[in-house]
file target-v7.cif (mmCIF, C-alpha atoms)
data_start
loop_
_atom_site.label_atom_id
_atom_site.label_comp_id
_atom_site.auth_asym_id
_atom_site.auth_seq_id
_atom_site.Cartn_x
_atom_site.Cartn_y
_atom_site.Cartn_z
CA MET Y 1 77.41 39.94 -58.13
CA HIS Y 2 74.30 39.14 -56.14
CA SER Y 3 73.00 35.62 -56.27
CA ASP Y 4 69.48 34.65 -55.35
CA LEU Y 5 70.24 31.06 -54.45
CA VAL Y 6 68.76 29.84 -51.19
CA ILE Y 7 70.40 27.18 -49.06
CA SER Y 8 68.10 25.37 -46.68
CA GLN Y 9 69.39 24.07 -43.35
CA THR Y 10 66.47 21.66 -43.04
CA ASP Y 11 66.89 20.19 -46.51
CA GLY Y 12 68.50 16.83 -45.79
CA ARG Y 13 70.80 16.98 -48.81
CA PRO Y 14 74.35 18.27 -48.56
CA MET Y 15 74.76 21.96 -49.28
CA TYR Y 16 76.88 21.42 -52.37
CA LEU Y 17 74.07 19.39 -53.98
CA GLN Y 18 71.56 22.13 -53.22
CA ILE Y 19 73.87 24.67 -54.83
CA MET Y 20 74.35 22.47 -57.91
CA GLU Y 21 70.64 21.93 -58.37
CA GLN Y 22 69.82 25.61 -58.11
CA ILE Y 23 72.53 26.61 -60.55
CA ARG Y 24 71.21 24.02 -63.02
CA GLN Y 25 67.75 25.49 -62.70
CA ARG Y 26 69.03 29.04 -63.17
CA ILE Y 27 70.67 27.89 -66.38
CA ALA Y 28 67.69 25.79 -67.54
CA VAL Y 29 65.31 28.73 -67.26
CA GLY Y 30 67.82 31.07 -68.84
CA ASP Y 31 68.47 33.33 -65.84
CA TRP Y 32 72.12 32.49 -66.21
CA GLU Y 33 72.83 32.67 -69.92
CA GLN Y 34 75.17 30.43 -71.86
CA GLY Y 35 78.67 31.80 -72.15
CA LYS Y 36 78.01 34.43 -69.49
CA GLU Y 37 80.02 34.93 -66.37
CA ILE Y 38 78.65 33.55 -63.09
CA PRO Y 39 79.66 34.57 -59.55
CA SER Y 40 83.14 33.49 -58.50
CA ILE Y 41 83.42 30.73 -55.92
CA ARG Y 42 84.32 33.23 -53.21
CA GLN Y 43 81.57 35.68 -54.15
CA LEU Y 44 78.95 32.97 -54.00
CA ALA Y 45 80.33 31.59 -50.72
CA VAL Y 46 80.20 35.04 -49.14
CA SER Y 47 76.68 35.77 -50.33
CA LEU Y 48 75.36 32.36 -49.24
CA ARG Y 49 77.40 32.40 -46.01
CA VAL Y 50 78.67 28.91 -46.68
CA SER Y 51 82.26 27.78 -46.80
CA VAL Y 52 84.39 28.31 -49.88
CA ILE Y 53 85.17 24.62 -50.04
CA THR Y 54 81.48 23.73 -50.36
CA VAL Y 55 80.93 26.09 -53.29
CA LYS Y 56 84.20 24.95 -54.84
CA ARG Y 57 82.97 21.38 -54.75
CA ALA Y 58 79.65 22.30 -56.40
CA TYR Y 59 81.52 24.17 -59.15
CA MET Y 60 83.94 21.30 -59.72
CA GLU Y 61 81.09 18.83 -60.15
CA LEU Y 62 79.19 21.19 -62.43
CA GLU Y 63 82.32 21.57 -64.50
CA ARG Y 64 82.73 17.81 -64.70
CA ASP Y 65 79.13 17.58 -65.92
CA GLY Y 66 79.98 20.12 -68.63
CA ILE Y 67 77.58 22.73 -67.29
CA ILE Y 68 80.05 25.43 -66.43
CA VAL Y 69 83.61 26.19 -67.43
CA THR Y 70 86.12 27.53 -64.92
CA GLN Y 71 89.10 29.38 -66.28
CA GLN Y 72 92.13 29.64 -64.04
CA GLY Y 73 92.24 33.11 -62.56
CA LYS Y 74 89.31 34.32 -64.67
CA GLY Y 75 86.29 32.94 -62.90
CA SER Y 76 83.56 30.71 -64.25
CA ILE Y 77 81.11 30.96 -67.13
CA VAL Y 78 78.11 28.94 -68.20
CA ALA Y 79 79.27 26.46 -70.86
CA SER Y 80 78.39 27.43 -74.41
CA ASP Y 81 77.54 23.87 -75.43
CA PRO Y 82 74.27 24.29 -77.39
CA LYS Y 83 72.95 20.90 -76.25
CA LEU Y 84 73.34 22.02 -72.66
CA GLY Y 85 69.90 23.52 -72.39
CA ALA Y 86 68.32 20.44 -73.95
CA LYS Y 87 70.21 18.20 -71.54
CA LEU Y 88 68.89 20.16 -68.58
CA TYR Y 89 65.34 20.26 -69.93
CA ASP Y 90 65.60 16.56 -70.49
CA GLN Y 91 66.42 15.97 -66.84
CA GLU Y 92 63.61 18.31 -65.86
CA LEU Y 93 61.21 16.38 -68.15
CA ASP Y 94 62.25 13.07 -66.61
CA LYS Y 95 61.40 14.42 -63.19
CA HIS Y 96 57.91 15.45 -64.33
CA ILE Y 97 57.30 12.16 -66.11
CA ASP Y 98 58.21 10.30 -62.92
CA ARG Y 99 55.65 12.41 -61.11
CA VAL Y 100 53.04 11.70 -63.79
CA ALA Y 101 53.69 7.99 -63.45
CA GLN Y 102 53.27 8.21 -59.67
CA LEU Y 103 49.97 10.08 -59.96
CA GLY Y 104 48.77 7.62 -62.62
CA GLU Y 105 49.52 4.75 -60.25
CA LEU Y 106 47.64 6.54 -57.49
CA LEU Y 107 44.58 6.94 -59.73
CA GLY Y 108 44.83 3.36 -60.95
CA LEU Y 109 45.44 4.30 -64.58
CA THR Y 110 47.00 1.76 -66.92
CA PRO Y 111 50.16 2.81 -68.78
CA LYS Y 112 48.05 2.95 -71.95
CA GLU Y 113 45.50 5.33 -70.42
CA LEU Y 114 48.36 7.43 -69.08
CA ALA Y 115 49.98 7.61 -72.51
CA SER Y 116 46.73 8.69 -74.15
CA ARG Y 117 46.30 11.44 -71.56
CA VAL Y 118 49.79 12.68 -72.39
CA ARG Y 119 48.94 12.55 -76.11
CA GLU Y 120 45.78 14.59 -75.50
CA ALA Y 121 47.77 17.23 -73.63
CA SER Y 122 50.27 17.37 -76.43
CA ASP Y 123 47.47 17.72 -79.03
CA ARG Y 124 45.90 20.58 -77.09
CA LEU Y 125 49.25 22.39 -77.04
CA THR Y 126 49.71 21.91 -80.79
CA LYS Y 127 46.23 23.38 -81.46
CA GLU Y 128 46.98 26.40 -79.27
CA TYR Y 129 50.06 27.24 -81.28
CA SER Y 130 48.61 26.53 -84.73
CA MET I 1 103.06 35.47 -49.28
CA ASN I 2 102.81 32.33 -47.18
CA ASP I 3 100.58 29.49 -48.30
CA VAL I 4 100.19 28.40 -44.72
CA SER I 5 99.05 30.91 -42.10
CA VAL I 6 99.20 28.72 -39.02
CA HIS I 7 101.50 25.78 -38.52
CA PHE I 8 101.75 23.67 -35.34
CA GLU I 9 104.18 20.81 -35.15
CA GLY I 10 104.32 18.43 -32.17
CA VAL I 11 103.16 21.10 -29.75
CA SER I 12 102.75 20.10 -26.11
CA LYS I 13 101.93 21.99 -22.97
CA ILE I 14 101.77 20.35 -19.58
CA TYR I 15 99.67 21.71 -16.72
CA PRO I 16 99.10 19.94 -13.41
CA HIS I 17 95.63 18.78 -14.42
CA PHE I 18 95.67 19.08 -18.18
CA THR I 19 98.05 18.20 -20.98
CA LEU I 20 97.94 19.43 -24.52
CA ASP I 21 99.56 16.52 -26.25
CA ASP I 22 101.60 16.55 -29.45
CA LEU I 23 99.38 18.89 -31.44
CA SER I 24 100.07 19.27 -35.16
CA LEU I 25 97.90 21.26 -37.51
CA GLU I 26 98.12 23.41 -40.59
CA LEU I 27 95.84 26.19 -41.75
CA PRO I 28 96.17 27.19 -45.42
CA THR I 29 95.92 30.90 -46.20
CA GLY I 30 92.49 31.98 -47.45
CA THR I 31 90.52 29.37 -45.53
CA ILE I 32 88.45 29.14 -42.36
CA MET I 33 89.17 26.51 -39.78
CA GLY I 34 86.69 25.61 -37.08
CA LEU I 35 88.13 24.14 -33.91
CA ILE I 36 85.49 21.98 -32.23
CA GLY I 37 85.78 20.60 -28.75
CA ALA I 38 83.87 20.15 -25.52
CA ASN I 39 84.53 22.60 -22.71
CA GLY I 40 88.00 21.96 -21.31
CA ALA I 41 89.15 20.02 -24.40
CA GLY I 42 92.08 22.34 -25.09
CA LYS I 43 90.63 24.82 -27.60
CA SER I 44 91.53 27.92 -25.63
CA THR I 45 94.99 26.63 -24.70
CA THR I 46 95.64 25.98 -28.40
CA ILE I 47 94.55 29.50 -29.25
CA ARG I 48 96.60 31.05 -26.45
CA ILE I 49 99.71 29.24 -27.66
CA LEU I 50 98.98 30.42 -31.19
CA MET I 51 98.79 33.99 -29.88
CA GLY I 52 101.98 33.66 -27.85
CA LEU I 53 100.01 34.27 -24.65
CA VAL I 54 101.02 30.85 -23.36
CA HIS I 55 104.40 29.34 -24.21
CA GLN I 56 104.48 25.72 -25.34
CA ASP I 57 106.78 23.29 -23.52
CA ARG I 58 107.64 21.48 -26.74
CA GLY I 59 107.06 21.81 -30.46
CA LEU I 60 107.13 24.48 -33.13
CA VAL I 61 104.51 27.13 -33.80
CA HIS I 62 104.60 29.41 -36.83
CA VAL I 63 101.98 32.06 -37.41
CA LEU I 64 102.06 34.12 -40.61
CA GLY I 65 105.61 32.93 -41.10
CA ARG I 66 106.72 34.12 -37.65
CA GLU I 67 108.03 31.80 -35.00
CA MET I 68 105.96 31.89 -31.83
CA PRO I 69 106.35 32.97 -29.13
CA ARG I 70 109.73 34.53 -30.11
CA GLU I 71 108.42 36.81 -32.85
CA GLN I 72 104.99 37.43 -31.39
CA ALA I 73 105.24 41.22 -31.43
CA ALA I 74 105.71 41.27 -35.21
CA ALA I 75 103.09 38.57 -35.79
CA LYS I 76 100.45 40.32 -33.70
CA LEU I 77 100.43 43.38 -35.94
CA ASP I 78 98.68 41.17 -38.46
CA ILE I 79 96.49 39.11 -36.14
CA GLY I 80 93.06 40.14 -34.95
CA PHE I 81 92.10 38.35 -31.76
CA VAL I 82 88.70 38.21 -30.11
CA SER I 83 88.05 36.07 -27.06
CA GLU I 84 85.21 35.70 -24.61
CA ASP I 85 87.11 37.27 -21.76
CA MET I 86 88.22 40.20 -23.92
CA ARG I 87 88.27 43.18 -21.61
CA LEU I 88 87.03 46.48 -22.96
CA TYR I 89 86.98 49.49 -20.65
CA GLY I 90 83.47 49.68 -19.24
CA SER I 91 83.43 53.39 -18.61
CA ALA I 92 84.80 54.31 -22.06
CA THR I 93 82.69 54.55 -25.22
CA LEU I 94 83.03 52.43 -28.33
CA ALA I 95 84.25 55.55 -30.18
CA TRP I 96 87.05 55.91 -27.60
CA HIS I 97 88.08 52.29 -28.19
CA MET I 98 88.02 52.80 -31.94
CA ASN I 99 90.33 55.81 -31.62
CA PHE I 100 92.59 53.91 -29.28
CA VAL I 101 93.00 50.91 -31.60
CA ARG I 102 93.40 53.24 -34.57
CA SER I 103 96.28 55.04 -32.82
CA ILE I 104 98.15 51.73 -32.40
CA TYR I 105 97.48 50.05 -35.74
CA PRO I 106 98.34 52.05 -38.85
CA GLN I 107 96.29 49.76 -41.12
CA TRP I 108 93.05 50.74 -39.33
CA ASP I 109 90.33 51.17 -41.97
CA GLN I 110 87.96 53.92 -40.81
CA PRO I 111 85.37 53.65 -43.62
CA TYR I 112 85.15 49.90 -43.01
CA ALA I 113 84.82 50.52 -39.26
CA GLU I 114 81.88 52.83 -39.96
CA THR I 115 80.27 50.28 -42.27
CA LEU I 116 80.59 47.69 -39.51
CA LEU I 117 78.99 50.08 -37.00
CA ARG I 118 75.92 50.21 -39.23
CA ARG I 119 75.84 46.51 -40.05
CA PHE I 120 76.22 45.54 -36.40
CA ASP I 121 73.78 48.24 -35.33
CA LEU I 122 76.20 49.69 -32.76
CA LYS I 123 76.28 53.25 -31.41
CA PRO I 124 79.79 54.70 -31.05
CA ARG I 125 78.77 57.08 -28.26
CA GLN I 126 77.52 54.31 -26.02
CA LYS I 127 79.65 53.26 -23.06
CA ILE I 128 80.79 49.64 -23.05
CA LYS I 129 79.19 48.91 -19.66
CA GLY I 130 75.77 49.75 -21.12
CA LEU I 131 76.09 47.16 -23.92
CA SER I 132 74.44 43.76 -23.95
CA HIS I 133 76.59 40.63 -24.30
CA GLY I 134 75.87 40.42 -28.01
CA GLN I 135 76.74 44.08 -28.54
CA ARG I 136 80.02 43.62 -26.67
CA VAL I 137 80.99 40.68 -28.85
CA LYS I 138 80.14 42.68 -31.98
CA ALA I 139 82.10 45.68 -30.63
CA ALA I 140 85.17 43.51 -29.99
CA LEU I 141 84.81 41.98 -33.44
CA LEU I 142 84.53 45.42 -35.04
CA LEU I 143 87.74 46.54 -33.31
CA ALA I 144 89.53 43.46 -34.65
CA LEU I 145 88.05 43.48 -38.18
CA ALA I 146 88.67 47.17 -38.91
CA ARG I 147 92.40 46.59 -38.50
CA ARG I 148 92.14 44.37 -41.58
CA PRO I 149 94.32 41.65 -40.03
CA ARG I 150 95.61 38.86 -42.26
CA LEU I 151 94.67 36.33 -39.62
CA LEU I 152 91.58 36.46 -37.43
CA VAL I 153 91.59 34.30 -34.32
CA LEU I 154 88.26 34.03 -32.57
CA ASP I 155 87.66 32.14 -29.36
CA GLU I 156 83.96 31.19 -29.22
CA PRO I 157 82.76 34.19 -31.24
CA THR I 158 79.13 33.12 -31.43
CA THR I 159 78.61 31.83 -27.88
CA GLY I 160 75.68 33.55 -26.20
CA LEU I 161 74.58 35.46 -29.30
CA ASP I 162 70.94 35.67 -30.32
CA PRO I 163 70.07 34.26 -33.78
CA VAL I 164 70.13 37.64 -35.52
CA ALA I 165 73.50 38.62 -34.07
CA ARG I 166 74.88 35.17 -34.90
CA GLN I 167 73.96 35.51 -38.54
CA GLU I 168 75.41 39.04 -38.64
CA VAL I 169 78.68 37.77 -37.20
CA LEU I 170 78.87 34.72 -39.51
CA GLY I 171 78.06 36.90 -42.52
CA GLU I 172 80.83 39.32 -41.61
CA LEU I 173 83.32 36.50 -41.16
CA MET I 174 82.47 35.19 -44.61
CA ALA I 175 82.86 38.70 -46.03
CA VAL I 176 86.43 38.73 -44.70
CA LEU I 177 87.13 35.59 -46.71
CA ALA I 178 86.13 37.34 -49.93
CA ASP I 179 89.78 38.39 -49.85
CA GLU I 180 91.73 35.22 -50.42
CA ASP I 181 94.80 36.41 -48.52
CA ARG I 182 92.92 36.40 -45.24
CA THR I 183 92.51 33.49 -42.92
CA ILE I 184 90.26 32.73 -39.96
CA LEU I 185 90.60 30.31 -37.09
CA PHE I 186 87.68 30.08 -34.73
CA SER I 187 86.75 27.80 -31.90
CA SER I 188 83.24 26.84 -31.04
CA HIS I 189 81.19 24.20 -29.37
CA ASN I 190 78.36 25.17 -31.70
CA THR I 191 78.89 22.69 -34.51
CA LEU I 192 76.17 24.28 -36.65
CA ASP I 193 78.20 27.47 -37.08
CA VAL I 194 81.30 25.49 -37.86
CA GLU I 195 79.45 23.27 -40.34
CA GLN I 196 78.06 26.29 -42.17
CA ILE I 197 81.17 28.36 -42.80
CA SER I 198 84.30 26.26 -42.20
CA ASP I 199 86.57 24.84 -44.87
CA GLN I 200 88.73 22.89 -42.46
CA ILE I 201 87.52 21.22 -39.30
CA THR I 202 89.57 20.06 -36.36
CA PHE I 203 88.09 18.03 -33.52
CA ILE I 204 89.91 18.28 -30.23
CA ASP I 205 89.24 16.24 -27.11
CA ARG I 206 91.18 15.84 -23.87
CA GLY I 207 94.13 17.77 -25.20
CA ARG I 208 94.51 15.80 -28.41
CA ILE I 209 93.46 16.32 -31.99
CA ILE I 210 91.17 13.42 -32.78
CA ALA I 211 90.43 14.36 -36.38
CA SER I 212 91.33 17.18 -38.76
CA ASP I 213 90.20 17.35 -42.35
CA ASN I 214 88.35 19.38 -44.90
CA LYS I 215 84.66 19.65 -44.24
CA GLU I 216 83.46 17.97 -47.43
CA VAL I 217 85.57 14.91 -46.62
CA PHE I 218 84.01 14.68 -43.15
CA LEU I 219 80.48 14.97 -44.44
CA ASP I 220 81.13 12.53 -47.31
CA ARG I 221 82.83 9.72 -45.46
CA TRP I 222 80.74 9.51 -42.32
CA ARG I 223 77.50 7.55 -42.67
CA ARG I 224 75.11 5.73 -40.40
CA LEU I 225 73.96 2.43 -41.93
CA ARG I 226 70.81 0.75 -40.70
CA LEU I 227 70.83 -2.94 -41.51
CA VAL I 228 68.46 -5.87 -41.35
CA LEU I 229 70.29 -9.18 -40.94
CA SER I 230 68.76 -12.32 -42.38
CA PRO I 231 68.49 -15.06 -39.68
CA GLU I 232 71.54 -17.00 -40.82
CA ALA I 233 73.74 -13.99 -41.64
CA ASP I 234 76.50 -12.53 -39.47
CA LEU I 235 77.27 -8.86 -39.25
CA PRO I 236 79.46 -8.18 -42.31
CA SER I 237 82.81 -6.64 -41.54
CA LEU I 238 83.01 -3.21 -43.10
CA PRO I 239 85.88 -0.73 -43.29
CA GLY I 240 86.07 2.19 -40.88
CA VAL I 241 83.35 1.08 -38.47
CA VAL I 242 83.50 3.42 -35.49
CA GLU I 243 80.40 2.42 -33.61
CA ILE I 244 78.01 -0.54 -33.60
CA GLY I 245 74.62 0.00 -32.05
CA GLY I 246 71.09 -1.22 -32.57
CA SER I 247 70.10 -4.70 -31.56
CA GLY I 248 70.50 -8.31 -32.72
CA ARG I 249 69.13 -8.50 -36.23
CA LEU I 250 68.74 -4.74 -36.59
CA PRO I 251 72.26 -3.38 -36.18
CA VAL I 252 73.15 0.27 -36.74
CA LEU I 253 76.72 0.97 -37.83
CA VAL I 254 78.64 4.20 -38.09
CA THR I 255 81.53 4.23 -40.52
CA ASN I 256 84.04 6.96 -41.29
CA ARG I 257 85.10 5.41 -44.59
CA PHE I 258 81.82 5.16 -46.44
CA ASP I 259 81.84 4.13 -50.05
CA PRO I 260 78.65 3.50 -52.08
CA ALA I 261 79.98 0.03 -52.97
CA MET I 262 79.47 -0.92 -49.31
CA VAL I 263 75.74 -1.10 -49.81
CA SER I 264 75.85 -3.88 -52.40
CA ALA I 265 78.57 -5.68 -50.40
CA CYS I 266 76.22 -5.71 -47.40
CA ASN I 267 73.26 -6.86 -49.42
CA ASP I 268 75.34 -9.70 -50.87
CA ALA I 269 76.34 -10.78 -47.37
CA GLY I 270 72.72 -11.14 -46.30
CA ALA I 271 72.51 -7.80 -44.51
CA THR I 272 69.91 -5.65 -46.20
CA VAL I 273 70.74 -1.97 -46.00
CA GLN I 274 67.58 -0.20 -44.93
CA ALA I 275 68.99 3.28 -44.85
CA VAL I 276 72.22 5.19 -45.33
CA ASP I 277 71.98 8.35 -43.28
CA PRO I 278 74.29 11.31 -43.75
CA MET I 279 75.42 12.69 -40.41
CA THR I 280 75.65 16.22 -39.09
CA LEU I 281 78.95 17.48 -37.82
CA GLU I 282 77.57 17.32 -34.31
CA GLU I 283 76.74 13.62 -34.62
CA ILE I 284 80.15 12.95 -36.16
CA PHE I 285 81.87 14.78 -33.34
CA VAL I 286 79.97 13.00 -30.57
CA VAL I 287 80.53 9.52 -32.02
CA ASN I 288 84.18 10.35 -32.57
CA VAL I 289 84.68 11.49 -28.99
CA HIS I 290 82.88 8.48 -27.53
CA SER I 291 84.79 5.92 -29.54
CA ARG I 292 88.15 7.54 -28.69
CA ARG I 293 87.34 7.74 -25.01
CA GLU I 294 86.27 4.08 -24.96
CA LYS I 295 89.55 3.04 -26.54
CA GLN I 296 91.46 5.10 -23.96
CA THR I 297 89.75 3.45 -21.01
CA VAL I 298 90.12 -0.11 -22.34
#
call {"tool": "encode", "arguments": {"input": "target-v7.cif", "output": "structure tokens"}}
result
Amino acid sequence: MHSDLVISQTDGRPMYLQIMEQIRQRIAVGDWEQGKEIPSIRQLAVSLRVSVITVKRAYMELERDGIIVTQQGKGSIVASDPKLGAKLYDQELDKHIDRVAQLGELLGLTPKELASRVREASDRLTKEYS
Amino acid sequence: MNDVSVHFEGVSKIYPHFTLDDLSLELPTGTIMGLIGANGAGKSTTIRILMGLVHQDRGLVHVLGREMPREQAAAKLDIGFVSEDMRLYGSATLAWHMNFVRSIYPQWDQPYAETLLRRFDLKPRQKIKGLSHGQRVKAALLLALARRPRLLVLDEPTTGLDPVARQEVLGELMAVLADEDRTILFSSHNTLDVEQISDQITFIDRGRIIASDNKEVFLDRWRRLRLVLSPEADLPSLPGVVEIGGSGRLPVLVTNRFDPAMVSACNDAGATVQAVDPMTLEEIFVVNVHSRREKQTV
């Protein structure tokens, strides 16, 4: 199975964290569907040219977080937990909100002004869909 | 099936000007081990003993379940060995070499050999003496890989390769590991290569193993801490400190037993932690070597 993950040598974070983050994103956007098989540890290691132990570590941590399920001798699948997607989107949302808060600070907006801007954006979206 | 492909126990070899001292190491089947050391540290001697080319004075060596050097003939059927000084016949072509190796090793995999020719961009009709250094290394690697050995032993496989050839070679080594019954041991002074593909890492210096562990453990436990001491505070004593640098109130510590709890312990002791830097394998290796050498001379 071909994977399109990209490991950066100049990214300061350890490789296993980069792998974890990209797998989360793949799952969050639905590229890797719930309950579906994902590349085996060895397959992914070979295609990324990183050591087996690094990919194994990423998979173990993802399993501990309840994102994937590894079955002995059968490979790994994306967990079928229905709240999984929401959990991931939630993390994604937090990241964006942090960014919004930073930009607000930069522009000198008060939390109240910031909140009303978010409300406006939300209203616009509701109108578009109604 | 053996779970351990290479096993060294208390191996020593004494030369007039160099001693390999009490070497013990274990390489689990299905993994890659990178042997890192400066020039003259003992990497090649270790590999030669493993191959039965040099006989140890003391200690036990088992490779693929065979006792070395006694059973080296049987062991070598399953070992692919590539070293820098590997001699190919200059006036013969690569195709001639392929036929030659094929006639000796019944497991030779011709379709795989042809795939490797394409991937490595090698021409079988070309004579060895007309090849560049990189092409020679790839040719030697092809001859070893196409035998489908259970153990690959590579002495400095990426030394002197251009970036494209290096990636081709590393990619092919990883492809070997797709089969979990195969094992690779390679030596290098290029820590970047080792960091990228190794599962196990062994540091060797002045004929001794100074550290051997799985790569994730190395990268997790080694940290550089940059501290700011408050005027009345002393340098807190932390576990596993290998090196203390920096100056006066701005010390820089390297520890090999990092634990996130250390940060709050430091802060409580009046030493503000400014930064916790992860370290590359190269930095870990250099600090390791320096601190050991200092201890030896004291």
call {"tool": "resolve_selection", "arguments": {"input": "target-v7.cif", "expression": "the PyMOL selection byres ((chain I) within 12 of (chain Y))", "output": "ChimeraX atom specification"}}
result
/I:30-34,166-181,183-184,192-201,213-220,277-281
call {"tool": "resolve_selection", "arguments": {"input": "target-v7.cif", "expression": "the PyMOL selection byres ((chain I and resi 92) around 12)", "output": "JSON, numbers by chain"}}
result
{"I": [87, 88, 89, 90, 91, 93, 94, 95, 96, 97, 98, 99, 100, 124, 125, 126, 127, 128, 129, 130, 131]}
call {"tool": "residues_around", "arguments": {"input": "target-v7.cif", "residues": "Glu63 of chain Y", "least_positions_apart": "2", "cutoff": "12 Å", "atoms": "all atoms listed in the file", "output": "list in words"}}
result
Met20, Ile23, Arg24, Lys56, Arg57, Ala58, Tyr59, Met60, Glu61, Asp65, Gly66, Ile67, Ile68, Val69, Thr70, Gln71, Ser76, Ile77, Val78 and Ala79 of chain Y
call {"tool": "resolve_selection", "arguments": {"input": "target-v7.cif", "expression": "the PyMOL selection byres ((chain I and resi 224) around 9)", "output": "PyMOL selection string"}}
result
chain I and resi 222-223+225-226+252-255+275-279
call {"tool": "residues_around", "arguments": {"input": "target-v7.cif", "residues": "Phe18 of chain I", "least_positions_apart": "5", "cutoff": "9 Å", "atoms": "all atoms listed in the file", "output": "list in words"}}
result
Lys13, Gly40, Gly42, Arg206 and Gly207 of chain I
call {"tool": "atom_distance", "arguments": {"input": "target-v7.cif", "atom1": "atom CA of Arg124 of chain Y", "atom2": "atom CA of Asp94 of chain Y"}}
result
20.8 Å
call {"tool": "residues_around", "arguments": {"input": "target-v7.cif", "residues": "His62 of chain I", "least_positions_apart": "6", "cutoff": "6 Å", "atoms": "all atoms listed in the file", "output": "ChimeraX atom specification"}}
result
/I:6-7,68
call {"tool": "atom_distance", "arguments": {"input": "target-v7.cif", "atom1": "atom CA of Leu161 of chain I", "atom2": "atom CA of Asp4 of chain Y"}}
result
26.6 Å
call {"tool": "residues_around", "arguments": {"input": "target-v7.cif", "residues": "Asp259 of chain I", "least_positions_apart": "2", "cutoff": "9 Å", "atoms": "only C-alpha atoms", "output": "ChimeraX atom specification"}}
result
/I:220-221,257,261-263
call {"tool": "residues_near_point", "arguments": {"input": "target-v7.cif", "point": "(90.6, 18.6, -29.0)", "cutoff": "9 Å", "atoms": "all atoms listed in the file", "output": "PyMOL selection string"}}
result
chain I and resi 20+35-38+40-43+46+202-211
call {"tool": "axis_aligned_box", "arguments": {"input": "target-v7.cif", "around": "segment 24-37 of chain I", "padding_each_side": "4 Å", "output": "AutoDock Vina command-line options"}}
result
--center_x 92.8 --center_y 25.6 --center_z -38.1 --size_x 22.6 --size_y 20.7 --size_z 26.7
call {"tool": "residues_around", "arguments": {"input": "target-v7.cif", "residues": "Thr29 of chain I", "least_positions_apart": "4", "cutoff": "6 Å", "atoms": "all atoms listed in the file", "output": "PDB file with C-alpha atoms, in the coordinates of the input"}}
result
ATOM      1  CA  ASP I   3     100.580  29.490 -48.300  1.00  0.00           C
ATOM      2  CA  VAL I   4     100.190  28.400 -44.720  1.00  0.00           C
ATOM      3  CA  SER I   5      99.050  30.910 -42.100  1.00  0.00           C
ATOM      4  CA  THR I 183      92.510  33.490 -42.920  1.00  0.00           C
TER       5      THR I 183
END
call {"tool": "atom_distance", "arguments": {"input": "target-v7.cif", "atom1": "atom CA of Asp57 of chain I", "atom2": "atom CA of Val153 of chain I"}}
result
21.6 Å
